[in-house]
Amino acid sequence: MPGSDVPGSGSPASAPRPDLRLVGTALAAWGAAFVTLPGWGWPSAVAVALSVVVMVAALVARHWQWAAIGLMGCCLVLTTGFRVGAVHDGVTAQLAREGAAATVTGVLTSDVRLSPAQGVRPESATVVLRVEQIRARGRVVRGGPPILVRASGELGRALATVPAGSRVTLAGRLTPPEAADPTTGSLTVRAPPVVESRPGRWSSAINHLRAGLVRATRHSSRDQAGLLPSLVVGDTSRLPMQVVDRFKATGLTHLTAVSGSNLVLLLGFGTMVATRCGARGWVLRGIQVAAVFGFVVLCRAEPSVVRAAAMGLVALAALGRAGVGRGRERSRGLRHLSAAVMVLMVVDPWLSRSWGFALSAAATAGLIACAGLYQRAMRWAPGWLGEAVAVPLAAQLATQPLVTALSGTLSVSGIVANAVAGPFVGPATVLGMLAAFGSQLPGVIGDTVGGVFGWLGGWSVEPLLQIARLGDALPGGSLTWPASPAGLVIVSLLSLGLAWVMPMVLRRPWAVVALAAVLAIALLRAPASPGWPGDWRVAFCAVGQGDAAVLRASRSQAVLVDAGPNPKPVVACLRQLGVRSLPVVVITHFHADHLTGLAEVLDSFPVGRVVVSRDAPGLPAARMVTALAHAHGVPVTEARAGERWSVGEVAWHTLRTGPVPGAVLPTATDEAANPENSSENDASVMGVATVGAGDQVVRVLLAGDSEPDAQRAALRALTGPGGGGTGELRVDVMAMPHHGSSRQERRFWQAGGAQVAVASSGVDNDYGHPAAKAVELAHSLGMRVVATNEQGSVALFRRGDRLVVVTNRAPQR
């Protein structure tokens with residue numbers, strides 16, 4: 001194995017081999033829980049039958065290891081089946097399936113998680129409630145499995161003010177859970193929460209500790225004050241969305257959640273400090289146990305925290321940081337990990353379908369297999385630096401196939417960012433814990449001690465913020481990669497190859513410098529999928545749950561129609577398309593999922609003018625667009641039905657805009673109460689663009705979020721006196737109105753006669769876009785359907801008589 005000739009590692013003959021005896025049993029436990037989790041069915045029956053066959057055959061052959069695998073499979077199928085039945089087959093689950101209105105009394109088991117507004121989705125809050133009593137349909141149910149509480153808008157903000165551990169009464173409507181959900185259903189809150197009693201002493205103490213950490217960061221910058229509690233206790237409530245997006249882009253998201261690798265870095269740093277201070281033997285072990293206890297207490301003993309603690313301790317033992325420290329203990333690391341997986345599957349079988357658990361287990365396996373080798377290979381560097389680089393690097397390589405399966409990307413900056421960020425995680429976490437506990441001292445002393453440690457902790461996370469900012473700004477930070485079986489096999493082989501050669505590289509300082517130079521060059525070039533974007537004429541950028549269409553006016557100029565809900569994807573897409581300036585930007589209507597990226601677009605590209613819909617100009621979003629454009633010296637004009645204009649190879653015809661006759665546009669108050677307003681959707685700018693020249697022309701219909709009323713109004717206008725007839729609607733490509741919602745007018749689609757229908761929507765969006773009804777409508781009219789939530793950005797052009805579709809396969813959530 002690479003690196004075996006490093007001094008201290010032993011020769012290949014003497015190096016202890018990994019203990020793999022329990023790996024098969026752990027995988028059997030994981031697999032049995034996975035197939036049984038939705039409940040009893042044919043997959044669980046097949047799993048039981050297969051386990052019995054394996055067990056019987058192994059007993060006959062006296063192969064005890066295979067017998068244990070079969071026995072474990074049988075046990076996990078049975079225990080998981082009974083656990084799922086207890087959660088999903090009770091009285092509460094039945095009420096949830098009936099959609100009953102209910103009044104529920106229970107205890108909040110954690111802090112309420114607030115999700116910011118995104119696009120037309122309002123701000124929302126979720127929390128798990130330990131049920132004490134449910135009143136519904138004249139029945140009183142006492143106790144039972146936990147339920148998930150959901151609230152949005154003002155109700156969500158009211159729920160977020162209730163501290164964890166409080167006993168509350170909530171009124172709302174029950175809805176059934178997903179098949180593999182660990183809760184018995186969810187409650188959509190319809191009235192403000194009623195607090196029956198405050199948290200008990202233990203919960204209050206934890207709340208005070210966490211509040212003390214937040215209070216201790218009052219002298220830090222906004223980003224620092226948001227990141228430090230997130231890093232230490234997983235509290236992301238004050239973390240700016242811009243920072244969240246940067247951490248996602250650079251593969252540092254795990255730092256904002258409770259993870260085993262965070263615990264390893266925390267204990268590694270704490271152990272180093274304690275050892276330098278003279279701690280040895282049981283004193284050192286006591287400090288480590290106290291650190292783990294403080295970690296679990298501050299983060300609350302939720303399933304994710306228990307998982308992280310278990311995985312962190314397993315990895316720590318394998319790395320020799322728990323008082324053991326030689327190759328023999330590291331060789332047993334996989335056995336420890338396998339035992340932990342089996343125990344966790346029995347305790348919480350729902351972890352078998354958790355991506356977080358899969359990532360945590362993979363990262364721990366990577367630490368066991370590679371981190372020690374990497375650290376010893378860097379013997380030329382200080383020990384603390386070698387460990388800080390080895391731990392995140394091993395975890396990144398081990399988890400990359402899973403990350404690719406989740407995101408459809410291959411992170412280039414993530415490898416560098418995790419290695420560079422590693423040295424700062426441990427000190428920042430320790431300082432954050434000291435700030436939390438120090439703030440509990442009485443009076444001015446507590447404020448002073450906590451404030452000092454909080455301020456130091458804030459500056460300790462500043463390098464992490466700068467690393468994320470730089471990594472996010474690099475055009476080659478991530479490479480689009482297909483999440484297909486073949487693509488995942490290739491990325492797995494690449495990760496294994498890198499893991500194998502990395503000790504050879506890390507052993508030589510000059511090789512590390514050369515690798516850094518290669519990565520730097522790769523990061524400075526924006527990547528794209530092979531063949532993307534081709535000789536494109538029309539493109540639909542994958543911007544999540546929103547719209548951003550690009551019409552090519554020349555080699556470096558384009559017309560942008562809508563700017564999406566997030567700034568980074570639309571800017572990155574425009575740059576990949578080679579766009580350097582935007583003579584015209586059209587904002588079809590004033591919903592956030594169509595215009596939030598406008599500010600970044602105006603900052604990044606020269607813009608000639610902004611065209612907006614004839615909507616209610618007094619709405620806040622309309623005023624914001626106007627103010628943004630004027631701040632950049634860009635004129636704003638209103639679209640007019642029937643107008644035609646051209647820019648380079650783009651010829652635009654506005655079919656209609658403004659309210660449908662008889663519709664009542666909302667006031668600012670109405671918009672705040674109901675951001676998804678049909679009359680505003682119907683006021684969208686609707687246009688047909690002819691793009692290209694000669695035999696390369698592509699015609700595209702862009703209708704914003706138009707719903708059936710607006711679609712019928714467009715048909716009436718075209719067929720009425722002075723109209724150009726429905727021939728004006730004949731196109732090659734149609735952007736599905738309203739992201740492919742179920743509300744469509746068949747005659748409008750039929751008049752368009754498009755070959756390709758493009759649905760611009762986000763991965764796993766809550767609206768179900770594109771709706772099955774819209775997809776079926778497109779297919780019935782002979783259209784090919786392409787969706788950005790599945791295939792990423794889409795580019796179209798002509799090759800002879802054929803319309804060519806090229807996808808970037810980088811879907812956005």
# chains A, B, ... in the order shown; residues from 1 in each chain; ligands from 1

$ residues_around --residues "Ala102 in chain A" --least-positions-apart "2" --cutoff "9 Å" --atoms "only C-alpha atoms" --output "NGL selection string"
:A and (95 or 100 or 104 or 134-137 or 170-174 or 187)

$ select_by_dssp --residues "range 580-772 of chain A" --states "strand (DSSP E or B)" --output "number ranges by chain"
A: 581-587, 607-612, 636-638, 644-647, 650-656, 686-691, 698-702, 733-735, 756-759

$ atom_distance --atom1 "CA of Lys248 in chain A" --atom2 "CA of Gly471 in chain A"
10.2 Å

$ residues_around --residues "range 588-604 of chain A" --least-positions-apart "2" --cutoff "9 Å" --atoms "only C-alpha atoms" --output "PyMOL selection string"
chain A and resi 118-120+544-548+561-571+580-581+585-586+606-607+611-615+619-622+625+628-629+632+634+657+675-676+680-686+702-705

$ closest_residue --among "A:Gly226, A:Gly73, A:Gly443, A:Gly451" --to "Trp30 in chain A" --atoms "only C-alpha atoms"
A:Gly73

$ residues_around --residues "Ser460 in chain A" --least-positions-apart "6" --cutoff "10 Å" --atoms "only C-alpha atoms" --output "list in words"
Gln224, Leu228, Pro423, Phe424, Val425, Gly426, Pro427, Ala428, Thr429, Leu431, Gly432 and Gly454 of chain A

$ write_last_selection --atoms "N, CA and C atoms" --output "PDB file, in the first residue's frame"
ATOM      1  N   GLN A 224     -19.241  36.366  10.649  1.00  0.00           N
ATOM      2  CA  GLN A 224     -18.565  35.635  11.729  1.00  0.00           C
ATOM      3  C   GLN A 224     -19.567  35.192  12.791  1.00  0.00           C
ATOM      4  N   LEU A 228     -19.921  31.041  13.507  1.00  0.00           N
ATOM      5  CA  LEU A 228     -19.376  30.400  14.704  1.00  0.00           C
ATOM      6  C   LEU A 228     -20.404  29.507  15.409  1.00  0.00           C
ATOM      7  N   PRO A 423      -6.945  23.384   9.418  1.00  0.00           N
ATOM      8  CA  PRO A 423      -6.263  23.899  10.613  1.00  0.00           C
ATOM      9  C   PRO A 423      -7.076  24.894  11.435  1.00  0.00           C
ATOM     10  N   PHE A 424      -8.121  25.497  10.842  1.00  0.00           N
ATOM     11  CA  PHE A 424      -8.861  26.546  11.554  1.00  0.00           C
ATOM     12  C   PHE A 424     -10.112  26.021  12.265  1.00  0.00           C
ATOM     13  N   VAL A 425     -10.536  24.788  11.928  1.00  0.00           N
ATOM     14  CA  VAL A 425     -11.789  24.274  12.478  1.00  0.00           C
ATOM     15  C   VAL A 425     -11.655  23.973  13.966  1.00  0.00           C
ATOM     16  N   GLY A 426     -10.598  23.264  14.335  1.00  0.00           N
ATOM     17  CA  GLY A 426     -10.416  22.893  15.735  1.00  0.00           C
ATOM     18  C   GLY A 426     -10.328  24.088  16.668  1.00  0.00           C
ATOM     19  N   PRO A 427      -9.416  25.049  16.403  1.00  0.00           N
ATOM     20  CA  PRO A 427      -9.340  26.225  17.287  1.00  0.00           C
ATOM     21  C   PRO A 427     -10.649  26.999  17.367  1.00  0.00           C
ATOM     22  N   ALA A 428     -11.333  27.175  16.230  1.00  0.00           N
ATOM     23  CA  ALA A 428     -12.581  27.927  16.251  1.00  0.00           C
ATOM     24  C   ALA A 428     -13.636  27.210  17.087  1.00  0.00           C
ATOM     25  N   THR A 429     -13.712  25.882  16.974  1.00  0.00           N
ATOM     26  CA  THR A 429     -14.702  25.129  17.737  1.00  0.00           C
ATOM     27  C   THR A 429     -14.407  25.191  19.234  1.00  0.00           C
ATOM     28  N   LEU A 431     -12.728  27.555  20.831  1.00  0.00           N
ATOM     29  CA  LEU A 431     -13.010  28.916  21.295  1.00  0.00           C
ATOM     30  C   LEU A 431     -14.510  29.161  21.405  1.00  0.00           C
ATOM     31  N   GLY A 432     -15.277  28.605  20.474  1.00  0.00           N
ATOM     32  CA  GLY A 432     -16.724  28.749  20.552  1.00  0.00           C
ATOM     33  C   GLY A 432     -17.302  28.075  21.776  1.00  0.00           C
ATOM     34  N   GLY A 454     -15.638  34.755  22.335  1.00  0.00           N
ATOM     35  CA  GLY A 454     -16.470  34.878  21.147  1.00  0.00           C
ATOM     36  C   GLY A 454     -15.810  35.707  20.066  1.00  0.00           C
TER      37      GLY A 454
END

$ residues_around --residues "range 785-801 of chain A" --least-positions-apart "6" --cutoff "8 Å" --atoms "only C-alpha atoms" --output "PyMOL selection string"
chain A and resi 532-542+544+573+695-698+756-764+770+775+778-779+807-813

$ write_last_selection --atoms "C-alpha atoms" --output "CSV table (one decimal), in the first residue's frame"
chain,number,residue,atom,x,y,z
A,532,TRP,CA,-21.7,22.3,-24.0
A,533,PRO,CA,-23.0,24.8,-25.2
A,534,GLY,CA,-22.3,24.0,-28.8
A,535,ASP,CA,-23.3,26.4,-31.6
A,536,TRP,CA,-26.2,27.6,-29.4
A,537,ARG,CA,-29.0,30.0,-30.3
A,538,VAL,CA,-31.3,29.7,-27.3
A,539,ALA,CA,-30.4,28.6,-23.8
A,540,PHE,CA,-32.3,27.9,-20.6
A,541,CYS,CA,-30.1,28.2,-17.5
A,542,ALA,CA,-30.5,25.9,-14.6
A,544,GLY,CA,-33.2,26.3,-9.5
A,573,CYS,CA,-24.4,30.2,-17.0
A,695,ASP,CA,-31.0,28.2,-42.0
A,696,GLN,CA,-29.9,28.5,-38.3
A,697,VAL,CA,-33.1,30.2,-37.1
A,698,VAL,CA,-34.7,29.0,-33.9
A,756,VAL,CA,-39.3,20.9,-27.7
A,757,ALA,CA,-40.9,22.0,-24.4
A,758,VAL,CA,-38.5,23.2,-21.7
A,759,ALA,CA,-39.5,23.2,-18.0
A,760,SER,CA,-37.3,25.4,-15.8
A,761,SER,CA,-37.7,24.2,-12.3
A,762,GLY,CA,-35.7,23.2,-9.2
A,763,VAL,CA,-34.6,19.8,-8.0
A,764,ASP,CA,-37.2,18.3,-5.5
A,770,PRO,CA,-43.0,20.2,-14.0
A,775,VAL,CA,-45.7,16.7,-19.3
A,778,ALA,CA,-46.6,18.1,-24.2
A,779,HIS,CA,-46.2,14.5,-25.1
A,807,THR,CA,-27.7,19.7,-21.7
A,808,ASN,CA,-25.1,20.7,-19.1
A,809,ARG,CA,-26.4,18.2,-16.5
A,810,ALA,CA,-25.9,20.5,-13.6
A,811,PRO,CA,-29.3,20.8,-12.0
A,812,GLN,CA,-29.8,23.4,-9.3
A,813,ARG,CA,-31.9,23.0,-6.1

$ closest_residue --among "A:Ala340, A:Val194, A:Met736, A:Val461" --to "Leu777 in chain A" --atoms "only C-alpha atoms"
A:Met736

$ atom_distance --atom1 "CA of Trp64 in chain A" --atom2 "CA of Ala28 in chain A"
14.6 Å

$ closest_residue --among "A:Met433, A:Leu344, A:Ala339, A:Ala191" --to "Ala291 in chain A" --atoms "only C-alpha atoms"
A:Met433

$ select_by_dssp --residues "range 714-745 of chain A" --states "helix (DSSP H, G or I)" --output "list in words"
Ala714, Leu715, Arg716, Ala717, Leu718, Thr719, Thr726, Gly727, Glu728, Leu729, Pro737, His738, His739 and Gly740 of chain A

$ write_last_selection --atoms "C-alpha atoms" --output "short mmCIF file (atom, residue, chain, number, x, y, z; two decimals), in the first residue's frame"
data_model
loop_
_atom_site.label_atom_id
_atom_site.label_comp_id
_atom_site.auth_asym_id
_atom_site.auth_seq_id
_atom_site.Cartn_x
_atom_site.Cartn_y
_atom_site.Cartn_z
CA ALA A 714 -53.21 35.85 -26.08
CA LEU A 715 -55.16 33.57 -28.42
CA ARG A 716 -58.06 36.05 -28.52
CA ALA A 717 -55.73 38.94 -29.29
CA LEU A 718 -54.06 37.08 -32.14
CA THR A 719 -57.33 35.89 -33.73
CA THR A 726 -52.18 32.09 -34.44
CA GLY A 727 -49.37 31.69 -36.96
CA GLU A 728 -47.52 34.26 -34.86
CA LEU A 729 -47.34 31.57 -32.18
CA PRO A 737 -45.43 28.58 -18.79
CA HIS A 738 -45.15 28.80 -14.99
CA HIS A 739 -42.36 26.21 -14.84
CA GLY A 740 -44.69 23.51 -16.17
#

$ residues_around --residues "Gly386 in chain A" --least-positions-apart "4" --cutoff "6 Å" --atoms "only C-alpha atoms" --output "list in words"
Gln375, Met378 and Ala390 of chain A

$ write_last_selection --atoms "N, CA and C atoms" --output "mmCIF file, in the first residue's frame"
data_model
loop_
_atom_site.group_PDB
_atom_site.id
_atom_site.type_symbol
_atom_site.label_atom_id
_atom_site.label_comp_id
_atom_site.auth_asym_id
_atom_site.auth_seq_id
_atom_site.Cartn_x
_atom_site.Cartn_y
_atom_site.Cartn_z
ATOM 1 N N GLN A 375 -1.072 11.554 6.943
ATOM 2 C CA GLN A 375 -0.383 12.318 7.985
ATOM 3 C C GLN A 375 1.080 11.893 8.098
ATOM 4 N N MET A 378 3.280 13.238 5.380
ATOM 5 C CA MET A 378 3.668 14.636 5.533
ATOM 6 C C MET A 378 4.579 14.830 6.751
ATOM 7 N N ALA A 390 -4.682 16.087 6.481
ATOM 8 C CA ALA A 390 -5.005 14.687 6.216
ATOM 9 C C ALA A 390 -6.473 14.365 6.474
#

$ decode --residues "range 431-452 of chain A" --atoms "N, CA, C and O atoms" --output "PDB file, in the first residue's frame"
ATOM      1  N   LEU A 431     -12.728  27.555  20.831  1.00  0.00           N
ATOM      2  CA  LEU A 431     -13.010  28.916  21.295  1.00  0.00           C
ATOM      3  C   LEU A 431     -14.510  29.161  21.405  1.00  0.00           C
ATOM      4  O   LEU A 431     -14.975  29.841  22.330  1.00  0.00           O
ATOM      5  N   GLY A 432     -15.277  28.605  20.474  1.00  0.00           N
ATOM      6  CA  GLY A 432     -16.724  28.749  20.552  1.00  0.00           C
ATOM      7  C   GLY A 432     -17.302  28.075  21.776  1.00  0.00           C
ATOM      8  O   GLY A 432     -18.194  28.626  22.447  1.00  0.00           O
ATOM      9  N   MET A 433     -16.812  26.875  22.106  1.00  0.00           N
ATOM     10  CA  MET A 433     -17.287  26.187  23.313  1.00  0.00           C
ATOM     11  C   MET A 433     -16.889  26.958  24.565  1.00  0.00           C
ATOM     12  O   MET A 433     -17.672  27.088  25.510  1.00  0.00           O
ATOM     13  N   LEU A 434     -15.668  27.485  24.574  1.00  0.00           N
ATOM     14  CA  LEU A 434     -15.237  28.282  25.731  1.00  0.00           C
ATOM     15  C   LEU A 434     -16.087  29.544  25.861  1.00  0.00           C
ATOM     16  O   LEU A 434     -16.417  29.971  26.973  1.00  0.00           O
ATOM     17  N   ALA A 435     -16.479  30.134  24.719  1.00  0.00           N
ATOM     18  CA  ALA A 435     -17.339  31.324  24.767  1.00  0.00           C
ATOM     19  C   ALA A 435     -18.704  30.976  25.340  1.00  0.00           C
ATOM     20  O   ALA A 435     -19.262  31.726  26.149  1.00  0.00           O
ATOM     21  N   ALA A 436     -19.241  29.803  24.945  1.00  0.00           N
ATOM     22  CA  ALA A 436     -20.561  29.389  25.438  1.00  0.00           C
ATOM     23  C   ALA A 436     -20.532  29.158  26.940  1.00  0.00           C
ATOM     24  O   ALA A 436     -21.406  29.637  27.681  1.00  0.00           O
ATOM     25  N   PHE A 437     -19.524  28.432  27.423  1.00  0.00           N
ATOM     26  CA  PHE A 437     -19.451  28.136  28.850  1.00  0.00           C
ATOM     27  C   PHE A 437     -18.987  29.354  29.646  1.00  0.00           C
ATOM     28  O   PHE A 437     -19.453  29.591  30.768  1.00  0.00           O
ATOM     29  N   GLY A 438     -18.075  30.155  29.080  1.00  0.00           N
ATOM     30  CA  GLY A 438     -17.595  31.340  29.783  1.00  0.00           C
ATOM     31  C   GLY A 438     -18.680  32.373  29.986  1.00  0.00           C
ATOM     32  O   GLY A 438     -18.694  33.091  30.997  1.00  0.00           O
ATOM     33  N   SER A 439     -19.621  32.441  29.046  1.00  0.00           N
ATOM     34  CA  SER A 439     -20.702  33.428  29.158  1.00  0.00           C
ATOM     35  C   SER A 439     -21.659  33.107  30.293  1.00  0.00           C
ATOM     36  O   SER A 439     -22.490  33.952  30.664  1.00  0.00           O
ATOM     37  N   GLN A 440     -21.548  31.893  30.865  1.00  0.00           N
ATOM     38  CA  GLN A 440     -22.435  31.517  31.968  1.00  0.00           C
ATOM     39  C   GLN A 440     -21.929  32.009  33.317  1.00  0.00           C
ATOM     40  O   GLN A 440     -22.624  31.877  34.331  1.00  0.00           O
ATOM     41  N   LEU A 441     -20.703  32.560  33.351  1.00  0.00           N
ATOM     42  CA  LEU A 441     -20.195  33.126  34.601  1.00  0.00           C
ATOM     43  C   LEU A 441     -21.046  34.336  34.989  1.00  0.00           C
ATOM     44  O   LEU A 441     -21.635  34.996  34.126  1.00  0.00           O
ATOM     45  N   PRO A 442     -21.129  34.646  36.267  1.00  0.00           N
ATOM     46  CA  PRO A 442     -22.056  35.700  36.706  1.00  0.00           C
ATOM     47  C   PRO A 442     -21.649  37.098  36.263  1.00  0.00           C
ATOM     48  O   PRO A 442     -20.469  37.439  36.204  1.00  0.00           O
ATOM     49  N   GLY A 443     -22.678  37.889  35.932  1.00  0.00           N
ATOM     50  CA  GLY A 443     -22.533  39.326  35.718  1.00  0.00           C
ATOM     51  C   GLY A 443     -21.555  39.731  34.643  1.00  0.00           C
ATOM     52  O   GLY A 443     -21.437  39.119  33.569  1.00  0.00           O
ATOM     53  N   VAL A 444     -20.796  40.775  34.981  1.00  0.00           N
ATOM     54  CA  VAL A 444     -19.864  41.368  34.034  1.00  0.00           C
ATOM     55  C   VAL A 444     -18.750  40.390  33.668  1.00  0.00           C
ATOM     56  O   VAL A 444     -18.242  40.402  32.542  1.00  0.00           O
ATOM     57  N   ILE A 445     -18.394  39.523  34.615  1.00  0.00           N
ATOM     58  CA  ILE A 445     -17.320  38.551  34.337  1.00  0.00           C
ATOM     59  C   ILE A 445     -17.723  37.653  33.166  1.00  0.00           C
ATOM     60  O   ILE A 445     -16.945  37.412  32.244  1.00  0.00           O
ATOM     61  N   GLY A 446     -18.978  37.139  33.211  1.00  0.00           N
ATOM     62  CA  GLY A 446     -19.442  36.274  32.136  1.00  0.00           C
ATOM     63  C   GLY A 446     -19.488  36.998  30.802  1.00  0.00           C
ATOM     64  O   GLY A 446     -19.077  36.459  29.765  1.00  0.00           O
ATOM     65  N   ASP A 447     -19.991  38.236  30.817  1.00  0.00           N
ATOM     66  CA  ASP A 447     -20.046  39.000  29.573  1.00  0.00           C
ATOM     67  C   ASP A 447     -18.646  39.237  29.015  1.00  0.00           C
ATOM     68  O   ASP A 447     -18.426  39.153  27.799  1.00  0.00           O
ATOM     69  N   THR A 448     -17.698  39.518  29.902  1.00  0.00           N
ATOM     70  CA  THR A 448     -16.332  39.812  29.459  1.00  0.00           C
ATOM     71  C   THR A 448     -15.643  38.557  28.930  1.00  0.00           C
ATOM     72  O   THR A 448     -15.085  38.557  27.820  1.00  0.00           O
ATOM     73  N   VAL A 449     -15.666  37.474  29.739  1.00  0.00           N
ATOM     74  CA  VAL A 449     -14.988  36.236  29.338  1.00  0.00           C
ATOM     75  C   VAL A 449     -15.622  35.676  28.061  1.00  0.00           C
ATOM     76  O   VAL A 449     -14.930  35.317  27.101  1.00  0.00           O
ATOM     77  N   GLY A 450     -16.954  35.588  28.064  1.00  0.00           N
ATOM     78  CA  GLY A 450     -17.627  35.073  26.876  1.00  0.00           C
ATOM     79  C   GLY A 450     -17.373  35.944  25.657  1.00  0.00           C
ATOM     80  O   GLY A 450     -17.141  35.436  24.555  1.00  0.00           O
ATOM     81  N   GLY A 451     -17.394  37.278  25.850  1.00  0.00           N
ATOM     82  CA  GLY A 451     -17.164  38.185  24.736  1.00  0.00           C
ATOM     83  C   GLY A 451     -15.766  38.061  24.156  1.00  0.00           C
ATOM     84  O   GLY A 451     -15.588  38.112  22.938  1.00  0.00           O
ATOM     85  N   VAL A 452     -14.771  37.878  25.031  1.00  0.00           N
ATOM     86  CA  VAL A 452     -13.389  37.735  24.548  1.00  0.00           C
ATOM     87  C   VAL A 452     -13.237  36.462  23.722  1.00  0.00           C
ATOM     88  O   VAL A 452     -12.698  36.476  22.600  1.00  0.00           O
TER      89      VAL A 452
END
